[in-house]
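Structure first, commentary second.
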Amino acid sequence: MPVVISFVSTKGGVGKTTVAANLGGLLAAFGMKVLAIDADVQPSLSKFFPVHYRSPRGLSAVVTSGGNPSADCISRTIFSNLDLIYSDTPDAELQAWLNRREDRLMIMRRAMRSPLLEAYDVVLIDTQGAVGELQKSAAMAADFMVSPVKPDALSAAEFATGTIAMLDDLNRLADFGESFRSGDLLALINAHERTVNARALATVLRQRFSDHRRVRVLDTVVPSAAAYAAAATARVPVHDFDRRRRFDNSAWNVMHRLAWELFPSLANVYAGSTGPLVDAVDIADRTRGALA
Ligand SMILES: Nc1ncnc2c1ncn2[C@@H]1O[C@H](COP(=O)(O)OP(=O)(O)OP(=O)(O)O)[C@@H](O)[C@H]1O
Ligand SMILES: [Mg+2]
């Protein structure tokens, strides 16, 4: 089964979608089969990369089937190996639907065990920066969560209180059995400015969670750089947009460091081409493969 990573934070605008999309783009360029799921009711991951084949259905069918997705929920981006389940639900509807289900926390986790997902090496689930049942269901589906934190006082405080409270909340049922336990949470310092304040906050975050059992601050730091917004505008993965090998903090190097830290077995593997797919026959084959 694929490795499942959910991007969570109780604060908005910290970089969940940016990191999820770019990590997906890079892993796909490594040759891994990647499924990106937009579980944010305000679809932004859905629009991040151009879509080559738009499936008739999306996230709401995955959820309202109780976690039994059908092949017609999976769209294909123009990049090889990078598929998408888009968000298609009017704002509060899906959250309200989940609220009525007793098994709501387990629905996305169930979906991850679907035979349809066996074709993937990695599933990346993007969520909305707020507290809600859909976020919790997505969080419980993950082998581990990545939570971007901006090194400013407000974001760090929100991480230390809101996001950690969500983690505790998710694990309230863990006493009933291991299957109710969430994965660990990895904090990723994102949009780091080269200032004394940012450095100090990053140090404080690391110290604060140095002996936490379920939270770890990743060594990789994503600097604040214009390339992230510019690549998003150009709708290409940022490692492909800023390919400077010699500049330690280029997006090429930073995204590789992040991928290697999350997947140590990939260490020193470099991205190949994510060349846009143009071959419709290839797409049809892949669709059939997913159906089989
Ligand atoms: N490392 C970075 N450097 C500079 N800008 C960044 C960086 N990471 C993200 N951004 C910018 O910050 C903004 C917010 O990022 P993004 O949409 O990924 O956050 P989010 O956590 O998904 O937000 P939401 O909670 O609203 O879904 C975007 O304009 C993005 O381009
Ligand atoms: Mg987002």
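How things are named: the first chain in the structure tokens is A, the next is B, and so on; residues count from 1 in each chain; ligands count from 1 in the order shown.
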
(Q) Please find the residues contacting ligand 2 at a distance of at most 6 Å between atoms, with only C-alpha atoms and all ligand atoms counted, and report them as a list in words. (A) Lys16, Thr17, Ser44 and Gln128 of chain A

Q.
as JSON, numbers by chain, please: every residue in stretch 157-276 of chain A that DSSP puts in strand (DSSP E or B).
A. {"A": [184, 185, 186, 187, 188, 189, 190, 191, 192, 215, 216, 217, 218, 219, 220, 221, 222, 223, 276]}

Selected residues written out, C-alpha atoms, as a CSV table (one decimal), in the first residue's frame:
```csv
chain,number,residue,atom,x,y,z
A,184,ASP,CA,3.4,11.2,14.1
A,185,LEU,CA,3.6,14.9,13.2
A,186,LEU,CA,6.6,16.4,11.5
A,187,ALA,CA,6.9,20.2,11.7
A,188,LEU,CA,8.5,21.8,8.6
A,189,ILE,CA,9.8,25.3,9.0
A,190,ASN,CA,8.6,27.0,5.9
A,191,ALA,CA,9.1,30.5,4.4
A,192,HIS,CA,12.1,31.1,6.6
A,215,VAL,CA,6.2,15.5,17.2
A,216,ARG,CA,9.5,16.1,15.4
A,217,VAL,CA,10.8,19.3,13.8
A,218,LEU,CA,12.4,18.4,10.4
A,219,ASP,CA,16.0,19.3,9.8
A,220,THR,CA,15.1,20.6,6.3
A,221,VAL,CA,14.1,24.3,6.3
A,222,VAL,CA,12.3,25.8,3.4
A,223,PRO,CA,13.5,29.4,2.9
A,276,PRO,CA,4.0,16.7,-19.7
```

**Q.** Within 10 Å of ligand 1, counting only C-alpha atoms and all ligand atoms, residues as number ranges by chain
**A.** A: 7-22, 39-45, 48, 126-130, 147-150, 189-193, 221-233, 251, 254

Q: Just the helix (DSSP H, G or I) stuff from stretch 20-252 of chain A, please, per backbone DSSP, written as a ChimeraX atom specification.
A: /A:20-29,45-48,59-64,71-73,93-99,104-112,115-119,133-140,153-176,178-180,196-208,226-234,238-241,251-252

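Counting only C-alpha atoms, the residue from A:Leu94, A:Phe159, A:Ser179, A:Leu167 that sits nearest to A:Arg110 is A:Ser179.
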
If you take only C-alpha atoms and a cut-off of 12 Å, which residues of stretch 87-189 of chain A touch stretch 56-77 of chain A, and what are their nearest atom pairs and distances in Å to one decimal, in chain and number order, as a Markdown table?
```
| residue | atom | partner | partner_atom | distance |
| --- | --- | --- | --- | --- |
| A:Ser87 | CA | A:Leu59 | CA | 5.1 |
| A:Asp88 | CA | A:Gly58 | CA | 6.0 |
| A:Thr89 | CA | A:Ser60 | CA | 6.1 |
| A:Pro90 | CA | A:Ser60 | CA | 9.5 |
| A:Asp91 | CA | A:Ser60 | CA | 11.2 |
| A:Ala92 | CA | A:Ser60 | CA | 11.7 |
| A:Glu93 | CA | A:Ser60 | CA | 9.3 |
| A:Leu94 | CA | A:Ser60 | CA | 6.9 |
| A:Gln95 | CA | A:Val63 | CA | 10.0 |
| A:Ala96 | CA | A:Thr64 | CA | 11.2 |
| A:Trp97 | CA | A:Thr64 | CA | 7.7 |
| A:Leu98 | CA | A:Val63 | CA | 8.2 |
| A:Asn99 | CA | A:Thr64 | CA | 11.8 |
| A:Arg100 | CA | A:Thr64 | CA | 11.2 |
| A:Arg101 | CA | A:Gly66 | CA | 9.1 |
| A:Glu102 | CA | A:Gly66 | CA | 11.0 |
| A:Asp103 | CA | A:Gly66 | CA | 8.6 |
| A:Arg104 | CA | A:Gly66 | CA | 8.4 |
| A:Leu105 | CA | A:Gly66 | CA | 10.8 |
| A:Met106 | CA | A:Gly67 | CA | 8.4 |
| A:Ile107 | CA | A:Gly67 | CA | 4.9 |
| A:Met108 | CA | A:Gly67 | CA | 5.7 |
| A:Arg109 | CA | A:Gly67 | CA | 7.5 |
| A:Arg110 | CA | A:Gly67 | CA | 5.3 |
| A:Ala111 | CA | A:Gly67 | CA | 4.1 |
| A:Met112 | CA | A:Gly67 | CA | 7.9 |
| A:Arg113 | CA | A:Asn68 | CA | 8.8 |
| A:Ser114 | CA | A:Asn68 | CA | 6.4 |
| A:Pro115 | CA | A:Pro69 | CA | 9.2 |
| A:Leu116 | CA | A:Ala71 | CA | 6.9 |
| A:Leu117 | CA | A:Pro69 | CA | 9.0 |
| A:Ala119 | CA | A:Ala71 | CA | 11.5 |
| A:Tyr120 | CA | A:Ile74 | CA | 11.9 |
| A:Ile125 | CA | A:Leu59 | CA | 10.9 |
| A:Asp126 | CA | A:Leu59 | CA | 11.5 |
| A:Thr127 | CA | A:Leu59 | CA | 11.7 |
| A:Glu133 | CA | A:Val63 | CA | 11.5 |
| A:Leu134 | CA | A:Val63 | CA | 9.0 |
| A:Ser137 | CA | A:Val63 | CA | 9.6 |
| A:Ala138 | CA | A:Val63 | CA | 10.3 |
| A:Ala141 | CA | A:Gly67 | CA | 10.6 |
```

Q. From the list A:Pro264, A:Gly132, A:Pro50, A:Gly183, which residue is nearest A:Arg214 when using only C-alpha atoms?
A.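 Checking each candidate against A:Arg214, we get A:Gly183 as the closest.
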
Would you give me, as CSV, each residue of stretch 94-178 of chain A having an atom within 9 Å of an atom of stretch 200-209 of chain A, along with its shortest atom pair and that distance in Å to one decimal, using only C-alpha atoms and sorting by chain and residue number?
```
residue,atom,partner,partner_atom,distance
A:Lys150,CA,A:Ala202,CA,8.9
A:Pro151,CA,A:Leu201,CA,5.6
A:Asp152,CA,A:Leu201,CA,6.8
A:Ala153,CA,A:Leu201,CA,7.2
A:Ala156,CA,A:Leu205,CA,7.3
A:Ala160,CA,A:Leu205,CA,8.3
```

**Q.** Of the listed residues A:Val122, A:Val236, A:Ile85, A:Val51, that which approaches A:Ala259 most closely, counting only C-alpha atoms
**A.**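 Checking each candidate against A:Ala259, we get A:Val122 as the closest.
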